[in-house]
Amino acid sequence: MDNFRSFENDITLFTIGYEGISLEHYLNKLIRNNIKLLCDVRKNALSMKYGFSKSQLKNACEGVCIKICSYSRSWN
């Protein structure tokens with residue numbers, strides 16, 4: 001993600017993981033790349049890592065004007 005920038009009128013899809021980085025670093029990556037919508041596609045939105053559970057992540061994203069949507073994935 002660090003090597004690309006989204007322009008105002010372009011629609012671009014990025015992927016991002018949170019392993020090994022803090023919530024602050026994660027949010028800064030989203031902001032630097034002009035991300036306006038984060039789609040959480042984790043199978044389980046519960047996380048033992050601080051800041052990354054569903055409600056914490058939602059509040060943090062909304063605090064920096066990033067919309068968030070959740071999609072549950074079923075592996076059945």
# chains A, B, ... in the order shown; residues from 1 in each chain; ligands from 1
$ residues_around --residues "stretch 56-69 of chain A" --least-positions-apart "4" --cutoff "9 Å" --atoms "only C-alpha atoms" --output "PyMOL selection string"
chain A and resi 23+27+30-31+35-41+50-52
$ atom_distance --atom1 "atom CA of A:Lys49" --atom2 "atom CA of A:Arg32"
22.5 Å
$ select_by_dssp --residues "chain A" --states "alpha helix (DSSP H)" --output "number ranges by chain"
A: 23-32, 54-63
$ closest_residue --among "A:Asn44, A:Asn34, A:Ser53, A:Ser70" --to "A:Leu13" --atoms "only C-alpha atoms"
A:Asn34
$ select_by_dssp --residues "stretch 7-74 of chain A" --states "strand (DSSP E)" --output "short mmCIF file (atom, residue, chain, number, x, y, z; two decimals) with all heavy atoms, in the first residue's frame"
data_model
loop_
_atom_site.label_atom_id
_atom_site.label_comp_id
_atom_site.auth_asym_id
_atom_site.auth_seq_id
_atom_site.Cartn_x
_atom_site.Cartn_y
_atom_site.Cartn_z
N LEU A 37 -13.06 3.91 2.73
CA LEU A 37 -13.92 2.81 3.15
C LEU A 37 -13.07 1.58 3.43
O LEU A 37 -12.28 1.16 2.57
CB LEU A 37 -14.95 2.48 2.06
CG LEU A 37 -15.84 1.27 2.31
CD1 LEU A 37 -16.77 1.50 3.51
CD2 LEU A 37 -16.65 0.95 1.07
N LEU A 38 -13.23 1.01 4.61
CA LEU A 38 -12.53 -0.21 5.00
C LEU A 38 -13.57 -1.32 5.10
O LEU A 38 -14.56 -1.19 5.81
CB LEU A 38 -11.83 -0.03 6.35
CG LEU A 38 -11.14 -1.26 6.93
CD1 LEU A 38 -9.95 -1.66 6.06
CD2 LEU A 38 -10.69 -1.00 8.35
N CYS A 39 -13.36 -2.41 4.37
CA CYS A 39 -14.26 -3.56 4.42
C CYS A 39 -13.58 -4.66 5.23
O CYS A 39 -12.54 -5.18 4.81
CB CYS A 39 -14.59 -4.06 3.02
SG CYS A 39 -15.47 -2.85 2.04
N ASP A 40 -14.16 -4.99 6.35
CA ASP A 40 -13.62 -6.02 7.24
C ASP A 40 -14.17 -7.36 6.80
O ASP A 40 -15.36 -7.62 6.93
CB ASP A 40 -14.02 -5.70 8.68
CG ASP A 40 -13.41 -6.64 9.70
OD1 ASP A 40 -12.75 -7.62 9.30
OD2 ASP A 40 -13.61 -6.40 10.90
N LYS A 67 -15.07 5.21 6.71
CA LYS A 67 -16.25 4.36 6.90
C LYS A 67 -15.78 2.91 6.95
O LYS A 67 -14.79 2.53 6.35
CB LYS A 67 -17.24 4.55 5.75
CG LYS A 67 -17.85 5.93 5.71
CD LYS A 67 -18.79 6.05 4.55
CE LYS A 67 -19.33 7.46 4.48
NZ LYS A 67 -20.18 7.67 3.30
N ILE A 68 -16.54 2.09 7.67
CA ILE A 68 -16.19 0.68 7.78
C ILE A 68 -17.43 -0.17 7.57
O ILE A 68 -18.52 0.18 8.01
CB ILE A 68 -15.50 0.37 9.13
CG1 ILE A 68 -14.98 -1.06 9.18
CG2 ILE A 68 -16.39 0.69 10.29
CD1 ILE A 68 -14.01 -1.35 10.31
N CYS A 69 -17.26 -1.26 6.85
CA CYS A 69 -18.36 -2.23 6.69
C CYS A 69 -17.79 -3.61 7.00
O CYS A 69 -16.61 -3.85 6.83
CB CYS A 69 -18.95 -2.17 5.28
SG CYS A 69 -17.79 -2.52 3.98
N SER A 70 -18.64 -4.47 7.50
CA SER A 70 -18.22 -5.82 7.86
C SER A 70 -18.93 -6.85 7.01
O SER A 70 -20.12 -6.73 6.75
CB SER A 70 -18.54 -6.12 9.33
OG SER A 70 -17.58 -5.56 10.15
#
$ decode --residues "stretch 14-40 of chain A" --atoms "N, CA, C and O atoms" --output "PDB file, in the first residue's frame"
ATOM      1  N   PHE A  14      -7.457  -2.008  -2.308  1.00  0.00           N
ATOM      2  CA  PHE A  14      -6.225  -2.366  -1.620  1.00  0.00           C
ATOM      3  C   PHE A  14      -6.532  -3.472  -0.622  1.00  0.00           C
ATOM      4  O   PHE A  14      -7.662  -3.595  -0.158  1.00  0.00           O
ATOM      5  N   THR A  15      -5.536  -4.245  -0.269  1.00  0.00           N
ATOM      6  CA  THR A  15      -5.654  -5.178   0.843  1.00  0.00           C
ATOM      7  C   THR A  15      -4.653  -4.754   1.905  1.00  0.00           C
ATOM      8  O   THR A  15      -3.611  -4.191   1.598  1.00  0.00           O
ATOM      9  N   ILE A  16      -5.005  -5.029   3.155  1.00  0.00           N
ATOM     10  CA  ILE A  16      -4.117  -4.673   4.264  1.00  0.00           C
ATOM     11  C   ILE A  16      -4.343  -5.658   5.396  1.00  0.00           C
ATOM     12  O   ILE A  16      -5.474  -6.067   5.657  1.00  0.00           O
ATOM     13  N   GLY A  17      -3.278  -6.037   6.041  1.00  0.00           N
ATOM     14  CA  GLY A  17      -3.358  -6.876   7.232  1.00  0.00           C
ATOM     15  C   GLY A  17      -2.897  -6.082   8.433  1.00  0.00           C
ATOM     16  O   GLY A  17      -2.354  -4.984   8.290  1.00  0.00           O
ATOM     17  N   TYR A  18      -3.100  -6.631   9.613  1.00  0.00           N
ATOM     18  CA  TYR A  18      -2.706  -5.888  10.816  1.00  0.00           C
ATOM     19  C   TYR A  18      -1.682  -6.639  11.665  1.00  0.00           C
ATOM     20  O   TYR A  18      -1.298  -6.182  12.734  1.00  0.00           O
ATOM     21  N   GLU A  19      -1.200  -7.751  11.168  1.00  0.00           N
ATOM     22  CA  GLU A  19      -0.215  -8.526  11.911  1.00  0.00           C
ATOM     23  C   GLU A  19       1.084  -7.730  12.076  1.00  0.00           C
ATOM     24  O   GLU A  19       1.633  -7.211  11.110  1.00  0.00           O
ATOM     25  N   GLY A  20       1.538  -7.589  13.301  1.00  0.00           N
ATOM     26  CA  GLY A  20       2.822  -6.958  13.572  1.00  0.00           C
ATOM     27  C   GLY A  20       2.833  -5.440  13.588  1.00  0.00           C
ATOM     28  O   GLY A  20       3.903  -4.845  13.678  1.00  0.00           O
ATOM     29  N   ILE A  21       1.669  -4.794  13.453  1.00  0.00           N
ATOM     30  CA  ILE A  21       1.633  -3.330  13.519  1.00  0.00           C
ATOM     31  C   ILE A  21       0.587  -2.871  14.526  1.00  0.00           C
ATOM     32  O   ILE A  21      -0.359  -3.586  14.828  1.00  0.00           O
ATOM     33  N   SER A  22       0.763  -1.669  15.021  1.00  0.00           N
ATOM     34  CA  SER A  22      -0.173  -1.102  15.990  1.00  0.00           C
ATOM     35  C   SER A  22      -1.396  -0.536  15.270  1.00  0.00           C
ATOM     36  O   SER A  22      -1.367  -0.300  14.055  1.00  0.00           O
ATOM     37  N   LEU A  23      -2.440  -0.269  16.029  1.00  0.00           N
ATOM     38  CA  LEU A  23      -3.635   0.357  15.476  1.00  0.00           C
ATOM     39  C   LEU A  23      -3.282   1.720  14.885  1.00  0.00           C
ATOM     40  O   LEU A  23      -3.744   2.074  13.800  1.00  0.00           O
ATOM     41  N   GLU A  24      -2.442   2.482  15.561  1.00  0.00           N
ATOM     42  CA  GLU A  24      -2.046   3.801  15.072  1.00  0.00           C
ATOM     43  C   GLU A  24      -1.339   3.687  13.721  1.00  0.00           C
ATOM     44  O   GLU A  24      -1.634   4.446  12.786  1.00  0.00           O
ATOM     45  N   HIS A  25      -0.415   2.741  13.600  1.00  0.00           N
ATOM     46  CA  HIS A  25       0.307   2.529  12.338  1.00  0.00           C
ATOM     47  C   HIS A  25      -0.661   2.103  11.229  1.00  0.00           C
ATOM     48  O   HIS A  25      -0.571   2.570  10.084  1.00  0.00           O
ATOM     49  N   TYR A  26      -1.599   1.233  11.566  1.00  0.00           N
ATOM     50  CA  TYR A  26      -2.611   0.748  10.629  1.00  0.00           C
ATOM     51  C   TYR A  26      -3.451   1.907  10.104  1.00  0.00           C
ATOM     52  O   TYR A  26      -3.625   2.073   8.897  1.00  0.00           O
ATOM     53  N   LEU A  27      -3.947   2.741  11.019  1.00  0.00           N
ATOM     54  CA  LEU A  27      -4.770   3.884  10.615  1.00  0.00           C
ATOM     55  C   LEU A  27      -3.970   4.871   9.782  1.00  0.00           C
ATOM     56  O   LEU A  27      -4.480   5.434   8.802  1.00  0.00           O
ATOM     57  N   ASN A  28      -2.715   5.090  10.149  1.00  0.00           N
ATOM     58  CA  ASN A  28      -1.868   6.002   9.378  1.00  0.00           C
ATOM     59  C   ASN A  28      -1.667   5.505   7.950  1.00  0.00           C
ATOM     60  O   ASN A  28      -1.646   6.302   7.014  1.00  0.00           O
ATOM     61  N   LYS A  29      -1.540   4.193   7.763  1.00  0.00           N
ATOM     62  CA  LYS A  29      -1.425   3.643   6.410  1.00  0.00           C
ATOM     63  C   LYS A  29      -2.687   3.933   5.606  1.00  0.00           C
ATOM     64  O   LYS A  29      -2.622   4.293   4.435  1.00  0.00           O
ATOM     65  N   LEU A  30      -3.841   3.769   6.242  1.00  0.00           N
ATOM     66  CA  LEU A  30      -5.107   4.048   5.557  1.00  0.00           C
ATOM     67  C   LEU A  30      -5.207   5.520   5.180  1.00  0.00           C
ATOM     68  O   LEU A  30      -5.574   5.863   4.049  1.00  0.00           O
ATOM     69  N   ILE A  31      -4.863   6.385   6.102  1.00  0.00           N
ATOM     70  CA  ILE A  31      -4.939   7.835   5.865  1.00  0.00           C
ATOM     71  C   ILE A  31      -3.974   8.252   4.761  1.00  0.00           C
ATOM     72  O   ILE A  31      -4.348   8.997   3.844  1.00  0.00           O
ATOM     73  N   ARG A  32      -2.724   7.796   4.836  1.00  0.00           N
ATOM     74  CA  ARG A  32      -1.709   8.161   3.833  1.00  0.00           C
ATOM     75  C   ARG A  32      -2.105   7.749   2.421  1.00  0.00           C
ATOM     76  O   ARG A  32      -1.716   8.373   1.444  1.00  0.00           O
ATOM     77  N   ASN A  33      -2.871   6.695   2.321  1.00  0.00           N
ATOM     78  CA  ASN A  33      -3.284   6.187   1.015  1.00  0.00           C
ATOM     79  C   ASN A  33      -4.692   6.609   0.625  1.00  0.00           C
ATOM     80  O   ASN A  33      -5.278   6.067  -0.306  1.00  0.00           O
ATOM     81  N   ASN A  34      -5.229   7.585   1.353  1.00  0.00           N
ATOM     82  CA  ASN A  34      -6.523   8.189   1.038  1.00  0.00           C
ATOM     83  C   ASN A  34      -7.664   7.165   1.011  1.00  0.00           C
ATOM     84  O   ASN A  34      -8.565   7.239   0.180  1.00  0.00           O
ATOM     85  N   ILE A  35      -7.619   6.206   1.924  1.00  0.00           N
ATOM     86  CA  ILE A  35      -8.674   5.191   2.023  1.00  0.00           C
ATOM     87  C   ILE A  35      -9.888   5.810   2.698  1.00  0.00           C
ATOM     88  O   ILE A  35      -9.781   6.409   3.762  1.00  0.00           O
ATOM     89  N   LYS A  36     -11.048   5.656   2.082  1.00  0.00           N
ATOM     90  CA  LYS A  36     -12.291   6.226   2.616  1.00  0.00           C
ATOM     91  C   LYS A  36     -13.250   5.165   3.146  1.00  0.00           C
ATOM     92  O   LYS A  36     -14.155   5.458   3.896  1.00  0.00           O
ATOM     93  N   LEU A  37     -13.057   3.906   2.728  1.00  0.00           N
ATOM     94  CA  LEU A  37     -13.924   2.807   3.147  1.00  0.00           C
ATOM     95  C   LEU A  37     -13.068   1.581   3.427  1.00  0.00           C
ATOM     96  O   LEU A  37     -12.282   1.155   2.573  1.00  0.00           O
ATOM     97  N   LEU A  38     -13.226   1.012   4.614  1.00  0.00           N
ATOM     98  CA  LEU A  38     -12.533  -0.213   5.004  1.00  0.00           C
ATOM     99  C   LEU A  38     -13.566  -1.324   5.095  1.00  0.00           C
ATOM    100  O   LEU A  38     -14.564  -1.185   5.805  1.00  0.00           O
ATOM    101  N   CYS A  39     -13.360  -2.407   4.368  1.00  0.00           N
ATOM    102  CA  CYS A  39     -14.261  -3.560   4.422  1.00  0.00           C
ATOM    103  C   CYS A  39     -13.578  -4.659   5.227  1.00  0.00           C
ATOM    104  O   CYS A  39     -12.545  -5.179   4.813  1.00  0.00           O
ATOM    105  N   ASP A  40     -14.155  -4.985   6.352  1.00  0.00           N
ATOM    106  CA  ASP A  40     -13.615  -6.016   7.243  1.00  0.00           C
ATOM    107  C   ASP A  40     -14.174  -7.358   6.800  1.00  0.00           C
ATOM    108  O   ASP A  40     -15.363  -7.616   6.934  1.00  0.00           O
TER     109      ASP A  40
END
